[in-house]
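Colleague: Questions regarding the structure given below will be posed in turn.
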Amino acid sequence: MSVPRCSMATSPRNSQPRPLRRPTRREPVGMSIGASRPSDIERASESGSRYRLRDLFTPLDTLLVSGGDGRLALDPKVRVNAYGCGPSPEPEIWNFASSTASTISQRAYERAALAREELVHKSLFDEVEIAFDRRCEDMRDELRDHLQLSPRVDVVFSPSGTDSQLHALFLAHAMLGVPPVTIVVGADQTGSGTVHTARGRHFGTMTASGVAVRKDAAIAGFAGDTIAVPLLDAASGLAMRVDADVEVIRAIEASLAQGRRVLLHIMNSSKLGWRAPSDACLDEIVRRWPREVQVVVDACQARLGRRRLRHYLDRGYMVLMTGSKFFGGPAFSGALLLPKGLSRALERIEGIAPGFFDYAGRCDWPMAWTALRSRFERRPNFGQWLRWEAALAEIGSYYAVPGAFRAKTMAELAIGIDSMIALSPSLRAVTAPVGTADADDEEFMQRSMFPFTLLRQNRPVSISDTSAVYRALARDMNDDIGGSAADRQVAAQRCLVGQPVRLEQPDGAPRAALRLGVGARLVTDAWSADSAQAQRNVQHILDRIAHVLVKIELLLDHTAAVSA
């Protein structure tokens with residue numbers, strides 16, 4: 001099978017996650033908005049001595065899980081994070097998550113290793129921070145090339161999509177001139193940290209820069225208001241609401257009537273693969289309130305065509321994305337894409353909320369933003385950088401596959417997965433919206449996320465039992481589940497699916513949906529110039545998915561073993 005690989009000749013590798021350091025106490029909350037930390041520039045000029053070449057000789061596995069928040073932490077016994085993923089390749093695990101739960105591939109791991117070697121070499125002739133900064137700029141060019149974006153589109157890197165949401169809030173404040181109220185469309189299906197970041201609050205107990213904070217406490221000088229617009233239909237609990245556009249317009253009108261400006265956080269796509277509001281609704285918003293509403297597209301799932309991505313940027317929207325999820329890079333790696341000309345708004349930034357300094361380093365910002373960059377510490381984040389190196393390997397490999405094959409394969413996998421879920425007595429598909437795709441979606445005219453709830457004896461399975469099944473899928477359950485040799489073989493296979501998504505129910509306890517995700521790596525690995533071989537590869541993927549569903553059936557029949 002011929003698998004396209006990302007060329008390492010595109011540009012050298014440079015970037016770093018913030019070196020591991022002991023947490024420090026936060027500075028007192030309560031400084032006035034717009035005030036800078038008293039010593040931010042002084043610390044920036046002194047920080048060069050803190051980063052040594054020796055930091056790059058930390059084991060690669062350790063670097064890959066550094067420079068992020070607590071979600072990257074590995075269990076000391078089993079060496080996996082909360083999503084069941086380790087820092088090194090595990091080809092024996094079948095990966096049908098393409099969400100936060102993604103193991104790193106061999107090609108991505110090799111690229112990260114080579115990237116580190118190249119940065120070490122360059123750092124023999126230049127300061128580590130200077131070499132790192134140049135590499136980050138090269139990576140911006142590479143990402144734009146893969147996504148076919150204009151060179152004038154700016155890229156702000158971050159340790160996660162959640163961190164990028166804070167970056168978007170910071171820039172929206174600069175563009176609108178006042179702290180905005182954030183309207184979150186799909187608040188029930190976005191990342192768990194969004195409920196905090198939308199209000200300018202800490203989403204964990206430790207920032208990626210190593211600062212200990214209190215979860216949901218206001219970020220100093222950054223706190224704001226938010227309005228949630230859920231997408232789940234309250235009547236059915238398993239379908240998308242039909243009045244999402246109306247609710248979005250209503251929320252905007254109410255905010256503007258109070259004299260507020262709005263950051264509209266729209267969804268493309270949600271954890272369940274849904275998109276809202278509609279294009280027609282967005283057209284109306286832009287027409288009615290061109291200078292009062294700033295749109296940011298939550299595309300962290302990266303399940304959208306490159307034409308649609310360019311359409312959003314051409315309209316002046318900011319776009320959040322990650323190199324994990326659909327693309328299958330290691331979690332976490334965030335980016336904020338900014339439309340051309342937006343950097344002019346940065347000229348109006350006179351002060352920076354003091355708490356925001358904990359969420360960005362100088363190298364995260366494009367090199368052309370000299371004034372803003374000078375305010376931040378020289379704080380290379382080796383982990384963030386290496387995770388993006390790995391993600392770029394996956395992105396480049398995916399787009400090296402012919403577009404016609406990408407579309408055909410995703411359509412075949414969608415048909416097969418829908419059919420298998422429908423045939424299973426223990427799975428109930430979560431209804432997908434219809435009629436939202438168009439030519440701009442390209443291969444994503446086909447769904448790539450397939451959510452389903454679990455049934456046992458025709459009754460809904462609880463959230464706790466659904467979570468237990470999710471965890472057991474990632475383990476070898478051969479010794480826990482008896483039965484025939486065939487059953488034991490099925491139970492032994494480790495596999496990843498998308499982590500549970502909570503679904504509120506109108507008349508009863510909440511439920512949770514698991515998800516089968518078609519990710520870029522499946523398409524890349526299926527590709528072959530030999531059409532017959534390519535077809536066999538696609539069938540092999542579908543056979544594995546059938547195996548995963550059979551394991552779910554077995555786990556549902558062995559509740560005690562699964563919950564142990």
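Each chain in the structure tokens gets a letter, A, B and so on, in the order shown; residues start at 1 in every chain, and ligands are counted from 1 in the order they appear.
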Any idea what's packed within 9 Å of A:Phe444, counting only C-alpha atoms, ignoring anything in its chain fewer than 3 positions away? Could you give it as a PyMOL selection string?

Modeller: chain A and resi 303-305+407+410-411+437-438+440-441+447-448

Colleague: Sorted by chain and rising residue number, which residues of stretch 463-525 of chain A lie within 10 Å of stretch 546-558 of chain A, and what are their closest atom pairs and distances in Å to one decimal, counting only C-alpha atoms, as a tab-separated table?

Modeller:
```
residue	atom	partner	partner_atom	distance
A:Asp465	CA	A:Leu556	CA	8.6
A:Thr466	CA	A:Leu556	CA	9.1
A:Ala468	CA	A:Leu555	CA	9.1
A:Val469	CA	A:Leu555	CA	6.4
A:Tyr470	CA	A:Ile552	CA	8.7
A:Ala472	CA	A:Leu555	CA	7.7
A:Leu473	CA	A:Lys551	CA	7.3
A:Met477	CA	A:Leu555	CA	8.8
A:Asp480	CA	A:His558	CA	8.6
A:Ile481	CA	A:His558	CA	7.0
A:Gly482	CA	A:His558	CA	9.3
A:Gly483	CA	A:Leu554	CA	9.7
A:Asp487	CA	A:Leu554	CA	7.7
A:Arg488	CA	A:Lys551	CA	9.5
A:Gln489	CA	A:Lys551	CA	9.5
A:Val490	CA	A:Lys551	CA	5.8
A:Ala491	CA	A:Lys551	CA	5.8
A:Ala492	CA	A:Lys551	CA	8.9
A:Gln493	CA	A:Val548	CA	8.3
A:Arg494	CA	A:Val548	CA	8.9
A:Cys495	CA	A:Val548	CA	7.1
A:Leu496	CA	A:Val548	CA	8.9
A:Val497	CA	A:Val548	CA	8.9
A:Leu516	CA	A:Val548	CA	9.6
```

Colleague: Write out as a ChimeraX atom specification all residues of stretch 299-524 of chain A that DSSP puts in helix (DSSP H, G or I) for this structure's backbone.

Modeller: /A:306-314,325-327,342-348,354-359,362-364,370-373,382-400,403-423,439-445,463-473,485-492,520-524

Colleague: Tell me which protein, DNA and RNA residues are within 6 Å of A:Ser102, counting only C-alpha atoms, leaving out same-chain ones fewer than 4 positions away, and put them as a compact mmCIF listing (two decimals) with C-alpha atoms, in the first residue's frame.

Modeller:
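In the end it all went to part.txt:
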```txt
# COMPACT_ATOMS: atom_id res chain seq x y z
CA SER A 98 -10.49 11.31 15.55
CA GLY A 328 -5.29 12.90 14.04
CA PRO A 330 -1.59 14.17 19.17
```

Colleague: Quick one: everything within 12 Å of A:Glu92, counting only C-alpha atoms, minus sequence neighbours fewer than 2 positions away in the same chain. Send it as a list in words.

Modeller: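 The filter keeps Ser88, Pro89, Glu90, Trp94, Asn95, Thr103, Ile104, Ser105, Gln106, Ala474, Arg475, Asp476, Ala492, Gln493, Arg494, Cys495 and Leu496 of chain A.
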
Colleague: Which residues of stretch 268-368 of chain A come within 12 Å of stretch 384-389 of chain A, and for each one, what is the closest pair of atoms and their distance in Å to one decimal, counting only C-alpha atoms, sorted by chain and residue number, as a Markdown table?

Modeller:
```
| residue | atom | partner | partner_atom | distance |
| --- | --- | --- | --- | --- |
| A:Met321 | CA | A:Trp388 | CA | 11.8 |
| A:Thr322 | CA | A:Trp388 | CA | 8.9 |
| A:Gly323 | CA | A:Trp388 | CA | 6.5 |
| A:Ser324 | CA | A:Arg387 | CA | 8.7 |
| A:Phe327 | CA | A:Trp388 | CA | 11.0 |
| A:Gly328 | CA | A:Arg387 | CA | 10.7 |
| A:Gly329 | CA | A:Arg387 | CA | 6.9 |
| A:Pro330 | CA | A:Arg387 | CA | 5.9 |
| A:Ala331 | CA | A:Arg387 | CA | 7.3 |
| A:Phe332 | CA | A:Arg387 | CA | 7.0 |
| A:Ser333 | CA | A:Trp388 | CA | 5.9 |
| A:Gly334 | CA | A:Trp388 | CA | 8.3 |
| A:Ala335 | CA | A:Trp388 | CA | 9.5 |
| A:Ala360 | CA | A:Gln384 | CA | 11.5 |
| A:Gly361 | CA | A:Gln384 | CA | 11.3 |
| A:Cys363 | CA | A:Trp385 | CA | 10.0 |
| A:Asp364 | CA | A:Trp385 | CA | 9.7 |
```

Colleague: Write out as a ChimeraX atom specification which residues come within 7 Å of stretch 277-290 of chain A when counting only C-alpha atoms, dropping same-chain ones fewer than 2 positions away.

Modeller: /A:244-245,266,275,292-293

Colleague: Keeping only N, CA and C atoms, write the selected residues as an mmCIF file, in the first residue's frame.

Modeller:
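The result, stored in part_17.cif:
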```
data_model
loop_
_atom_site.group_PDB
_atom_site.id
_atom_site.type_symbol
_atom_site.label_atom_id
_atom_site.label_comp_id
_atom_site.auth_asym_id
_atom_site.auth_seq_id
_atom_site.Cartn_x
_atom_site.Cartn_y
_atom_site.Cartn_z
ATOM 1 N N ALA A 244 -32.513 27.027 15.846
ATOM 2 C CA ALA A 244 -31.223 27.565 16.273
ATOM 3 C C ALA A 244 -30.984 28.965 15.718
ATOM 4 N N ASP A 245 -31.325 29.189 14.445
ATOM 5 C CA ASP A 245 -31.121 30.516 13.847
ATOM 6 C C ASP A 245 -31.901 31.587 14.589
ATOM 7 N N ILE A 266 -19.629 30.550 16.694
ATOM 8 C CA ILE A 266 -20.484 29.630 15.948
ATOM 9 C C ILE A 266 -19.806 28.264 15.824
ATOM 10 N N ARG A 275 -23.579 21.721 12.528
ATOM 11 C CA ARG A 275 -23.148 23.067 12.181
ATOM 12 C C ARG A 275 -24.300 24.047 12.394
ATOM 13 N N GLU A 292 -20.648 45.582 14.960
ATOM 14 C CA GLU A 292 -21.042 45.326 16.346
ATOM 15 C C GLU A 292 -20.931 43.860 16.741
ATOM 16 N N VAL A 293 -20.777 42.994 15.743
ATOM 17 C CA VAL A 293 -20.680 41.552 16.004
ATOM 18 C C VAL A 293 -19.425 41.020 15.321
#
```

Colleague: To one decimal place in Å, what is the distance between atom CA of A:Leu176 and atom CA of A:Asp145?

Modeller: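 Value for the atom CA of A:Leu176-atom CA of A:Asp145 distance: 29.9 Å.
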
Colleague: Name all residues at most 8 Å from stretch 185-195 of chain A (count only C-alpha atoms; drop same-chain ones fewer than 2 positions away) and give them as a list in words.

Modeller: Thr162, Gln165, Ile183, Thr197, Ala198, Arg199, Phe203, Gly204, Ala228, Val229, Pro230, Leu231, Leu232, Val248, Leu264, His265, Ile266, Met267, Ser270, Lys271, Leu272, Ala276, Pro277 and Val501 of chain A

Colleague: Within 7 Å of A:Gln294, counting only C-alpha atoms, which residues show up once you throw out same-chain ones fewer than 3 positions away? Write them as a PyMOL selection string, please.

Modeller: chain A and resi 172+262-264+317

Colleague: Return as an mmCIF file with N, CA and C atoms, in the first residue's frame the full set of residues in stretch 65-187 of chain A whose backbone-based DSSP assignment is strand (DSSP E or B).

Modeller:
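The result, stored in states_24.cif:
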```cif
data_model
loop_
_atom_site.group_PDB
_atom_site.id
_atom_site.type_symbol
_atom_site.label_atom_id
_atom_site.label_comp_id
_atom_site.auth_asym_id
_atom_site.auth_seq_id
_atom_site.Cartn_x
_atom_site.Cartn_y
_atom_site.Cartn_z
ATOM 1 N N TRP A 94 -6.714 0.235 17.469
ATOM 2 C CA TRP A 94 -7.512 0.716 16.335
ATOM 3 C C TRP A 94 -8.149 2.046 16.736
ATOM 4 N N ASN A 95 -7.930 3.059 15.923
ATOM 5 C CA ASN A 95 -8.361 4.409 16.289
ATOM 6 C C ASN A 95 -9.520 4.868 15.413
ATOM 7 N N PHE A 96 -10.704 4.904 16.003
ATOM 8 C CA PHE A 96 -11.889 5.429 15.327
ATOM 9 C C PHE A 96 -12.484 6.582 16.131
ATOM 10 N N ASP A 154 -3.194 35.299 9.101
ATOM 11 C CA ASP A 154 -2.285 35.142 10.231
ATOM 12 C C ASP A 154 -2.639 33.904 11.039
ATOM 13 N N VAL A 155 -1.623 33.286 11.640
ATOM 14 C CA VAL A 155 -1.801 32.070 12.433
ATOM 15 C C VAL A 155 -1.216 32.304 13.819
ATOM 16 N N VAL A 156 -2.044 32.113 14.842
ATOM 17 C CA VAL A 156 -1.598 32.211 16.232
ATOM 18 C C VAL A 156 -1.652 30.812 16.823
ATOM 19 N N PHE A 157 -0.505 30.275 17.197
ATOM 20 C CA PHE A 157 -0.460 28.935 17.765
ATOM 21 C C PHE A 157 -0.759 28.968 19.260
ATOM 22 N N SER A 158 -1.243 27.822 19.777
ATOM 23 C CA SER A 158 -1.504 27.719 21.216
ATOM 24 C C SER A 158 -1.411 26.250 21.624
ATOM 25 N N VAL A 181 -19.820 40.548 24.997
ATOM 26 C CA VAL A 181 -20.524 39.402 25.533
ATOM 27 C C VAL A 181 -20.382 38.284 24.504
ATOM 28 N N THR A 182 -20.037 37.100 24.954
ATOM 29 C CA THR A 182 -19.822 35.976 24.049
ATOM 30 C C THR A 182 -21.086 35.130 23.959
ATOM 31 N N ILE A 183 -21.600 34.978 22.750
ATOM 32 C CA ILE A 183 -22.740 34.093 22.507
ATOM 33 C C ILE A 183 -22.183 32.792 21.938
ATOM 34 N N VAL A 184 -22.354 31.692 22.666
ATOM 35 C CA VAL A 184 -21.793 30.399 22.274
ATOM 36 C C VAL A 184 -22.893 29.541 21.668
ATOM 37 N N VAL A 185 -22.830 29.349 20.365
ATOM 38 C CA VAL A 185 -23.780 28.482 19.675
ATOM 39 C C VAL A 185 -23.274 27.040 19.796
#
```

Colleague: Ranking A:Leu413, A:Asp138, A:Ala429, A:Arg471 by minimum distance to A:Arg544 and counting only C-alpha atoms, which one comes first?

Modeller: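 Among the listed residues, A:Leu413 lies closest to A:Arg544.
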
Colleague: Which residue is closest to A:Glu129? Choose from A:Gly396, A:Pro380, A:Pro425, A:Pro510 and count only C-alpha atoms.

Modeller: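 Of A:Gly396, A:Pro380, A:Pro425, A:Pro510, the one nearest A:Glu129 is A:Pro380, counting only C-alpha atoms.
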